[in-house]
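**Q** Below is one structure. I have some questions about it.
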Amino acid sequence: MIPIKDINRSRSFPIVNTFLILLCAAVWLYQVGLDEYQENIFIYKYGLVPADVFQRPYTLLTHMFLHGSWLHIIGNMWFLWIFGDNVEDRLGRLRYLLFYIISGLGAALLQTSVSFVFGGEDVPMVGASGAISGVLGAYLWLFPHARILALVPIFFFLTFMEVPALLFIGLWILIQVINGILTLPFAQAGGVAWFAHIGGFAVGYILVKVFYTKRW
């Protein structure tokens, strides 16, 4: 299923969410302006290479703002645009920013652990999808009955359909878990960081309960 929009109006303008999208876009535009050699250096310097995480711990943060392709960044920013505004609206701007970063860190730590155990510790990880997975976890807890307008495959056709967030995000995380398990034997080859998605989602789903109810 491909999300088109959520039927869930935000009460305030999502300043932090918009800033995160613009920051990722700016980094991507800088990245694609590099030649292949420079881009590889850039990715290995600021992307998260599990084997080097103790030498370059800052990459636990910087990798969230790099991406691997146009499809990668467009897909990530689209999900963030659809789901992030409502989560920011409920948490508040400062809490949302902190929540986003912690979710991304949790995602990175789980994927790094999996890489050390199953291989792929020399493959750089880039992308905001771990942090965005945390946003999806928060959205599921905050708005399980919100409606998501999505393109849904029915046999050989795609059709527009409104589905509850519980179903849409539930199916999404199920797909991440299945793919993560199925690709474990091939982890050393790199590819999609499925366990970053799983880790980010779990952290986000748990953390939002604290961030939403705690008075700071």
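Residue numbering restarts at 1 for every chain of the structure tokens, chains are lettered A, B, ... in their displayed order, and ligands are numbered from 1 as they appear.
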List every residue of region 122-186 of chain A that DSSP, applied to the backbone, labels as alpha helix (DSSP H), and write the result as a PyMOL selection string.

**A** chain A and resi 129-142+165-183

**Q** Dump C-alpha atoms for the selected residues as a PDB file, in the first residue's frame?

**A**
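Dumped everything to result-v4.pdb:
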```pdb
ATOM      1  CA  SER A 129      13.875   5.578   7.772  1.00  0.00           C
ATOM      2  CA  GLY A 130      14.782   4.397  11.285  1.00  0.00           C
ATOM      3  CA  ALA A 131      13.694   7.684  12.838  1.00  0.00           C
ATOM      4  CA  ILE A 132      10.626   7.826  10.584  1.00  0.00           C
ATOM      5  CA  SER A 133       9.727   4.315  11.700  1.00  0.00           C
ATOM      6  CA  GLY A 134       9.650   5.740  15.218  1.00  0.00           C
ATOM      7  CA  VAL A 135       7.209   8.385  13.976  1.00  0.00           C
ATOM      8  CA  LEU A 136       5.017   5.607  12.579  1.00  0.00           C
ATOM      9  CA  GLY A 137       5.115   3.826  15.927  1.00  0.00           C
ATOM     10  CA  ALA A 138       4.029   7.028  17.664  1.00  0.00           C
ATOM     11  CA  TYR A 139       1.298   7.653  15.114  1.00  0.00           C
ATOM     12  CA  LEU A 140      -0.065   4.149  15.623  1.00  0.00           C
ATOM     13  CA  TRP A 141      -0.325   4.697  19.378  1.00  0.00           C
ATOM     14  CA  LEU A 142      -1.711   8.234  19.136  1.00  0.00           C
ATOM     15  CA  ALA A 165      -3.957   3.628  10.599  1.00  0.00           C
ATOM     16  CA  LEU A 166      -4.013   0.467  12.704  1.00  0.00           C
ATOM     17  CA  LEU A 167      -4.314  -1.630   9.545  1.00  0.00           C
ATOM     18  CA  PHE A 168      -1.949   0.413   7.369  1.00  0.00           C
ATOM     19  CA  ILE A 169       0.882   0.729   9.892  1.00  0.00           C
ATOM     20  CA  GLY A 170       0.240  -2.758  11.265  1.00  0.00           C
ATOM     21  CA  LEU A 171       0.764  -4.266   7.819  1.00  0.00           C
ATOM     22  CA  TRP A 172       3.783  -2.042   7.266  1.00  0.00           C
ATOM     23  CA  ILE A 173       5.610  -3.228  10.390  1.00  0.00           C
ATOM     24  CA  LEU A 174       4.638  -6.846   9.670  1.00  0.00           C
ATOM     25  CA  ILE A 175       6.324  -6.545   6.264  1.00  0.00           C
ATOM     26  CA  GLN A 176       9.462  -5.117   7.910  1.00  0.00           C
ATOM     27  CA  VAL A 177       9.648  -8.044  10.348  1.00  0.00           C
ATOM     28  CA  ILE A 178       9.106 -10.653   7.640  1.00  0.00           C
ATOM     29  CA  ASN A 179      11.696  -9.100   5.339  1.00  0.00           C
ATOM     30  CA  GLY A 180      14.140  -8.710   8.206  1.00  0.00           C
ATOM     31  CA  ILE A 181      13.917 -12.400   9.083  1.00  0.00           C
ATOM     32  CA  LEU A 182      14.081 -13.573   5.470  1.00  0.00           C
ATOM     33  CA  THR A 183      17.143 -11.465   4.623  1.00  0.00           C
TER      34      THR A 183
END
```

**Q** Need the shell around Trp81 (chain A): protein/DNA/RNA residues with any atom at most 10 Å away, counting only C-alpha atoms. Skip same-chain ones fewer than 4 positions apart. Format as a list in words?

**A**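 Everything that qualifies: Lys5, Pro14, Asn17, Thr18, Leu20, Ile21, Gly75, Asn76, Met77, Asp85, Asn86 and Ile132 of chain A.
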
**Q** Got time to write the residues from that selection, C-alpha atoms, as a short mmCIF file (atom, residue, chain, number, x, y, z; two decimals), in the first residue's frame?

**A**
```cif
data_model
loop_
_atom_site.label_atom_id
_atom_site.label_comp_id
_atom_site.auth_asym_id
_atom_site.auth_seq_id
_atom_site.Cartn_x
_atom_site.Cartn_y
_atom_site.Cartn_z
CA LYS A 5 -2.50 11.38 2.78
CA PRO A 14 4.74 21.39 11.73
CA ASN A 17 8.90 18.24 10.75
CA THR A 18 9.27 20.66 7.85
CA LEU A 20 13.80 17.90 9.08
CA ILE A 21 12.49 17.39 5.55
CA GLY A 75 9.88 7.70 -0.09
CA ASN A 76 11.26 8.61 3.33
CA MET A 77 10.29 12.27 3.14
CA ASP A 85 2.95 16.63 11.44
CA ASN A 86 0.33 15.01 13.67
CA ILE A 132 10.63 7.83 10.58
#
```

**Q** Which residues are near Ala150 (chain A)? Cut-off 6 Å, only C-alpha atoms, ignore same chain within fewer than 3 positions. Put them as a list in words.

**A** Ile2, Pro3, Ile4, Phe160 and Met161 of chain A

**Q** Ranking A:Leu23, A:Tyr37, A:Leu91, A:Phe157 by minimum distance to Tyr212 (chain A) and counting only C-alpha atoms, which one comes first?

**A**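 Once distances to Tyr212 (chain A) are computed over only C-alpha atoms, the minimum belongs to A:Leu91.
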
**Q** Report the distance between CA of Ile74 (chain A) and CA of Ser115 (chain A) in Å, rounded to one decimal place.

**A**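 Spanning CA of Ile74 (chain A) to CA of Ser115 (chain A) is a straight-line distance of 25.7 Å.
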
**Q** Which residue is closest to Leu110 (chain A)? Choose from A:Val210, A:Ile198, A:Leu22, A:Ile7 and count only C-alpha atoms.

**A**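 That would be A:Ile198, the residue with the smallest distance to Leu110 (chain A).
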
**Q** Tell me which protein, DNA and RNA residues are within 8 Å of Leu109 (chain A), counting only C-alpha atoms, leaving out same-chain ones fewer than 4 positions away, and put them as a list of chain:residue names.

**A**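 Answer for this query is A:Leu105, A:Ser113, A:Ala196, A:Gly199.
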